[in-house]
Structure formats: structure tokens, C-alpha cells
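One structure is given below, encoded as C-alpha cells.
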Amino acid sequence: MSDSWQTCYIGLGSNLDSPREQVSSALTELTQLPQCRNLKHSSLYRSDPVGPAGQPDYINAVACLETCLSPLHLLDALQGIEQAHQRVRIQHWGPRTLDLDLLLYGDQVIQNQRLTVPHAFMKVRNFVLYPLAEIAPNLSLPDGTQLLILLKDIEIGTLEKI
Ligand code: ROI
């Protein structure tokens, strides 16, 4: 466990088994994690699937919390919540019951077998950037890129706040 509180951002997504409830209950479960405090979250959004066609629409949201868990302990905790939702992922980039992606962990850049932070695709996904901007409009990534600059290049498209 690290000895200081870090601000983290977590992307939530679901497109199976009542996705709205999956995401809503996961947000509640994030508030109950040990060594975590001050959860804030965006609205829920409906988004078109990125990946193989023919899968249901997704519900996405982004949460922010402070934690003194290390990145890998936080990842363990997130995977515990995914497992509790009986996460199903049949196909690569296919439908899933619940995805919890660690997007940002303070200003840290992390690259190991289990974890890539910042999340590899966060800069190019409207269903991450728009909810993120709702809760942290002035955010900058560890490389100094401002969220508001990224948003200028990404259309809101069919992403819909619900
Ligand atoms: N597409 C959308 N719209 N939302 C997601 O959360 C999501 N997650 C994924 C893939 C399969 C890439 N597509 C997605 O992991």
C-alpha cells in the first residue's frame, strides 16, 4: 500500500444483463472499497458499441475516487467487483457484463503485465472523455495533454447522457 492518497479515475461499461443496474450498483460498490474515499461520478451515458457489430449498446460512466491502495491493489479490488457481477466476456472487444478500467492513477505512468495507465485507448473514446469532462473538466493527463484539447478532436456523435 502506498502511503498517500491518490486521485484515480475509473471507466465503467456494461452491455449485458441490465447494463444500467450493473453500472449503478458498481458505483455503489466503489464507494464501499477499503482505503478509498470521496467518490464522485459522471452521469450514465448510452453509447454505440466499439468493436464487433451486432452487440447491444453500452452504458458507460466515469468515477473519480481518492485511494491509498497501490495501483495493483486497486486493480485487484476492481477485478473483485467485476467478478462479483459475474463478468462475462465471450469475445475480444465483444459484449461484457461489467468492465472497470483504471484510466488514471494520480500522475503515474504505469506499464506492466497487468496494467497500463493511462488506459491505452482513453484518449480516443468519446464514452470515456465526455463523462470524464463532466467530473474533471480541467484535468490534464500525465503527459500534459489537456482533456479539453482531446475533446476538441472527438465528436460526441451518438453518445447520449441518460
Ligand atoms: N464500446 C462502448 N461503447 N463502451 C464500452 O465500454 C466498450 N468497452 C469495450 C469495447 C468492447 C472496446 N467496446 C465498448 O471494451
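Chain labels run A, B, ... following the order of the C-alpha cells; each chain numbers its residues from 1, and ligands are numbered from 1 in the order shown.
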
Requested in this report: Name the residues in contact with Asp17 (chain A) at a cut-off of 12 Å, using only C-alpha atoms, excluding same-chain residues fewer than 5 positions from it; report them as a PyMOL selection string.
Outcome: chain A and resi 22-23+56-59+85-88+95-98

### Task
Check which residues fall inside 6 Å of ligand 1 when counting only C-alpha atoms and all ligand atoms, and print them as a ChimeraX atom specification.
/A:13,47-51,58,60,93-94

Those in region 12-156 of chain A with alpha helix (DSSP H) from DSSP, as a compact mmCIF listing (two decimals) with N, CA and C atoms, in the first residue's frame:
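That gives us out_3.txt:
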# COMPACT_ATOMS: atom_id res chain seq x y z
N PRO A 19 -27.66 -3.39 -18.17
CA PRO A 19 -26.44 -2.58 -18.04
C PRO A 19 -26.57 -1.38 -17.10
N ARG A 20 -27.74 -0.72 -17.09
CA ARG A 20 -27.87 0.44 -16.19
C ARG A 20 -27.68 0.02 -14.74
N GLU A 21 -28.32 -1.09 -14.39
CA GLU A 21 -28.20 -1.56 -13.00
C GLU A 21 -26.78 -2.03 -12.71
N GLN A 22 -26.15 -2.66 -13.69
CA GLN A 22 -24.76 -3.11 -13.49
C GLN A 22 -23.87 -1.92 -13.13
N VAL A 23 -24.03 -0.84 -13.90
CA VAL A 23 -23.16 0.32 -13.68
C VAL A 23 -23.54 1.03 -12.39
N SER A 24 -24.84 1.18 -12.14
CA SER A 24 -25.27 1.86 -10.90
C SER A 24 -24.80 1.11 -9.66
N SER A 25 -24.95 -0.21 -9.67
CA SER A 25 -24.55 -0.92 -8.46
C SER A 25 -23.02 -0.95 -8.34
N ALA A 26 -22.33 -0.98 -9.46
CA ALA A 26 -20.86 -0.92 -9.37
C ALA A 26 -20.41 0.41 -8.76
N LEU A 27 -21.12 1.49 -9.08
CA LEU A 27 -20.76 2.79 -8.49
C LEU A 27 -20.93 2.74 -6.97
N THR A 28 -22.01 2.11 -6.52
CA THR A 28 -22.21 1.96 -5.06
C THR A 28 -21.08 1.13 -4.47
N GLU A 29 -20.73 0.04 -5.16
CA GLU A 29 -19.67 -0.83 -4.62
C GLU A 29 -18.32 -0.11 -4.58
N LEU A 30 -18.10 0.80 -5.52
CA LEU A 30 -16.84 1.56 -5.48
C LEU A 30 -16.78 2.43 -4.22
N THR A 31 -17.93 2.93 -3.77
CA THR A 31 -17.94 3.76 -2.55
C THR A 31 -17.59 2.93 -1.32
N PRO A 71 -1.63 0.91 -7.12
CA PRO A 71 -2.33 0.64 -8.38
C PRO A 71 -2.75 -0.82 -8.51
N LEU A 72 -1.87 -1.75 -8.16
CA LEU A 72 -2.23 -3.16 -8.35
C LEU A 72 -3.26 -3.62 -7.32
N HIS A 73 -3.20 -3.07 -6.10
CA HIS A 73 -4.24 -3.41 -5.13
C HIS A 73 -5.59 -2.83 -5.56
N LEU A 74 -5.55 -1.64 -6.13
CA LEU A 74 -6.81 -1.07 -6.65
C LEU A 74 -7.33 -1.93 -7.80
N LEU A 75 -6.43 -2.34 -8.68
CA LEU A 75 -6.83 -3.23 -9.78
C LEU A 75 -7.47 -4.51 -9.24
N ASP A 76 -6.85 -5.09 -8.20
CA ASP A 76 -7.43 -6.30 -7.58
C ASP A 76 -8.86 -6.01 -7.10
N ALA A 77 -9.02 -4.85 -6.46
CA ALA A 77 -10.34 -4.50 -5.92
C ALA A 77 -11.35 -4.33 -7.06
N LEU A 78 -10.92 -3.70 -8.16
CA LEU A 78 -11.83 -3.50 -9.30
C LEU A 78 -12.19 -4.85 -9.92
N GLN A 79 -11.21 -5.73 -10.02
CA GLN A 79 -11.49 -7.05 -10.59
C GLN A 79 -12.39 -7.86 -9.67
N GLY A 80 -12.28 -7.62 -8.36
CA GLY A 80 -13.19 -8.28 -7.41
C GLY A 80 -14.63 -7.86 -7.67
N ILE A 81 -14.84 -6.57 -7.93
CA ILE A 81 -16.20 -6.10 -8.24
C ILE A 81 -16.67 -6.71 -9.56
N GLU A 82 -15.79 -6.73 -10.55
CA GLU A 82 -16.17 -7.34 -11.85
C GLU A 82 -16.60 -8.80 -11.64
N GLN A 83 -15.81 -9.52 -10.85
CA GLN A 83 -16.13 -10.94 -10.62
C GLN A 83 -17.47 -11.09 -9.90
N ALA A 84 -17.72 -10.19 -8.95
CA ALA A 84 -18.98 -10.26 -8.20
C ALA A 84 -20.17 -10.04 -9.13
N ASN A 126 -14.99 8.53 -27.03
CA ASN A 126 -15.91 9.57 -26.56
C ASN A 126 -16.62 9.13 -25.28
N PHE A 127 -16.86 7.81 -25.12
CA PHE A 127 -17.60 7.35 -23.94
C PHE A 127 -16.74 7.39 -22.69
N VAL A 128 -15.45 7.68 -22.82
CA VAL A 128 -14.58 7.95 -21.67
C VAL A 128 -14.42 9.47 -21.49
N LEU A 129 -14.10 10.18 -22.57
CA LEU A 129 -13.70 11.59 -22.45
C LEU A 129 -14.86 12.49 -22.03
N TYR A 130 -16.05 12.27 -22.56
CA TYR A 130 -17.16 13.16 -22.21
C TYR A 130 -17.60 12.98 -20.75
N PRO A 131 -17.80 11.74 -20.29
CA PRO A 131 -18.11 11.60 -18.86
C PRO A 131 -16.98 12.13 -17.96
N LEU A 132 -15.75 11.92 -18.37
CA LEU A 132 -14.61 12.41 -17.59
C LEU A 132 -14.66 13.94 -17.48
N ALA A 133 -14.99 14.58 -18.59
CA ALA A 133 -15.04 16.05 -18.59
C ALA A 133 -16.15 16.57 -17.69
N GLU A 134 -17.18 15.76 -17.49
CA GLU A 134 -18.27 16.18 -16.61
C GLU A 134 -17.77 16.32 -15.17
N ILE A 135 -16.87 15.44 -14.75
CA ILE A 135 -16.43 15.46 -13.34
C ILE A 135 -15.06 16.11 -13.16
N LEU A 147 -7.47 17.59 -21.15
CA LEU A 147 -8.70 16.90 -21.55
C LEU A 147 -9.51 17.73 -22.54
N LEU A 148 -9.57 19.04 -22.31
CA LEU A 148 -10.39 19.88 -23.18
C LEU A 148 -9.84 19.90 -24.60
N ILE A 149 -8.54 19.75 -24.76
CA ILE A 149 -7.94 19.68 -26.11
C ILE A 149 -8.32 18.35 -26.77
N LEU A 150 -8.27 17.27 -26.00
CA LEU A 150 -8.65 15.96 -26.56
C LEU A 150 -10.11 15.99 -27.03
N LEU A 151 -10.95 16.64 -26.24
CA LEU A 151 -12.38 16.66 -26.57
C LEU A 151 -12.66 17.37 -27.89
N LYS A 152 -11.79 18.33 -28.21
CA LYS A 152 -12.00 19.07 -29.47
C LYS A 152 -11.87 18.16 -30.67

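Here CA of His119 (chain A) and CA of Leu44 (chain A) stand 19.7 Å from one another.
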
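For Ile10 (chain A), the non-local neighbours within 9 Å, defined as residues at least 2 positions apart in the same chain or in other chains and counting only C-alpha atoms, are A:Cys8, A:Leu12, A:Ala61, A:Val62, A:Ala63, A:Cys64, A:Leu65, A:Leu100, A:Asp101, A:Leu102, A:Leu103, A:Leu104, A:Tyr105.
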
Now that the selection is made, can you save its residues with N, CA, C and O atoms as a PDB file, in the first residue's frame?
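Output file part-v8.pdb is given in full below:
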ATOM      1  N   CYS A   8      -7.845   8.933  -8.499  1.00  0.00           N
ATOM      2  CA  CYS A   8      -7.927   7.969  -9.613  1.00  0.00           C
ATOM      3  C   CYS A   8      -9.216   8.150 -10.384  1.00  0.00           C
ATOM      4  O   CYS A   8     -10.211   8.578  -9.817  1.00  0.00           O
ATOM      5  N   LEU A  12     -16.394   2.886 -16.340  1.00  0.00           N
ATOM      6  CA  LEU A  12     -17.325   1.772 -16.151  1.00  0.00           C
ATOM      7  C   LEU A  12     -18.085   1.539 -17.454  1.00  0.00           C
ATOM      8  O   LEU A  12     -18.491   2.494 -18.124  1.00  0.00           O
ATOM      9  N   ALA A  61     -19.941   5.176 -17.785  1.00  0.00           N
ATOM     10  CA  ALA A  61     -19.822   6.273 -16.822  1.00  0.00           C
ATOM     11  C   ALA A  61     -18.354   6.334 -16.417  1.00  0.00           C
ATOM     12  O   ALA A  61     -17.575   5.407 -16.698  1.00  0.00           O
ATOM     13  N   VAL A  62     -17.978   7.429 -15.775  1.00  0.00           N
ATOM     14  CA  VAL A  62     -16.624   7.536 -15.216  1.00  0.00           C
ATOM     15  C   VAL A  62     -16.748   7.955 -13.755  1.00  0.00           C
ATOM     16  O   VAL A  62     -17.583   8.809 -13.418  1.00  0.00           O
ATOM     17  N   ALA A  63     -15.957   7.324 -12.915  1.00  0.00           N
ATOM     18  CA  ALA A  63     -15.922   7.659 -11.492  1.00  0.00           C
ATOM     19  C   ALA A  63     -14.540   8.176 -11.122  1.00  0.00           C
ATOM     20  O   ALA A  63     -13.538   7.835 -11.766  1.00  0.00           O
ATOM     21  N   CYS A  64     -14.520   8.997 -10.093  1.00  0.00           N
ATOM     22  CA  CYS A  64     -13.266   9.521  -9.545  1.00  0.00           C
ATOM     23  C   CYS A  64     -13.271   9.173  -8.062  1.00  0.00           C
ATOM     24  O   CYS A  64     -14.300   9.301  -7.402  1.00  0.00           O
ATOM     25  N   LEU A  65     -12.164   8.685  -7.563  1.00  0.00           N
ATOM     26  CA  LEU A  65     -12.062   8.487  -6.120  1.00  0.00           C
ATOM     27  C   LEU A  65     -10.630   8.716  -5.669  1.00  0.00           C
ATOM     28  O   LEU A  65      -9.706   8.751  -6.488  1.00  0.00           O
ATOM     29  N   LEU A 100     -14.487  -2.536 -15.517  1.00  0.00           N
ATOM     30  CA  LEU A 100     -13.992  -1.412 -14.721  1.00  0.00           C
ATOM     31  C   LEU A 100     -12.549  -1.177 -15.134  1.00  0.00           C
ATOM     32  O   LEU A 100     -11.682  -2.018 -14.875  1.00  0.00           O
ATOM     33  N   ASP A 101     -12.318  -0.081 -15.824  1.00  0.00           N
ATOM     34  CA  ASP A 101     -10.974   0.218 -16.335  1.00  0.00           C
ATOM     35  C   ASP A 101     -10.334   1.315 -15.499  1.00  0.00           C
ATOM     36  O   ASP A 101     -10.920   2.402 -15.353  1.00  0.00           O
ATOM     37  N   LEU A 102      -9.159   1.041 -14.993  1.00  0.00           N
ATOM     38  CA  LEU A 102      -8.405   2.092 -14.299  1.00  0.00           C
ATOM     39  C   LEU A 102      -7.823   3.010 -15.373  1.00  0.00           C
ATOM     40  O   LEU A 102      -6.950   2.611 -16.147  1.00  0.00           O
ATOM     41  N   LEU A 103      -8.369   4.227 -15.453  1.00  0.00           N
ATOM     42  CA  LEU A 103      -7.972   5.162 -16.512  1.00  0.00           C
ATOM     43  C   LEU A 103      -6.728   5.930 -16.111  1.00  0.00           C
ATOM     44  O   LEU A 103      -5.785   6.064 -16.903  1.00  0.00           O
ATOM     45  N   LEU A 104      -6.759   6.480 -14.893  1.00  0.00           N
ATOM     46  CA  LEU A 104      -5.674   7.328 -14.404  1.00  0.00           C
ATOM     47  C   LEU A 104      -5.457   7.049 -12.925  1.00  0.00           C
ATOM     48  O   LEU A 104      -6.434   6.835 -12.183  1.00  0.00           O
ATOM     49  N   TYR A 105      -4.212   7.059 -12.515  1.00  0.00           N
ATOM     50  CA  TYR A 105      -3.859   6.898 -11.098  1.00  0.00           C
ATOM     51  C   TYR A 105      -2.899   8.030 -10.765  1.00  0.00           C
ATOM     52  O   TYR A 105      -1.711   7.967 -11.107  1.00  0.00           O
TER      53      TYR A 105
END
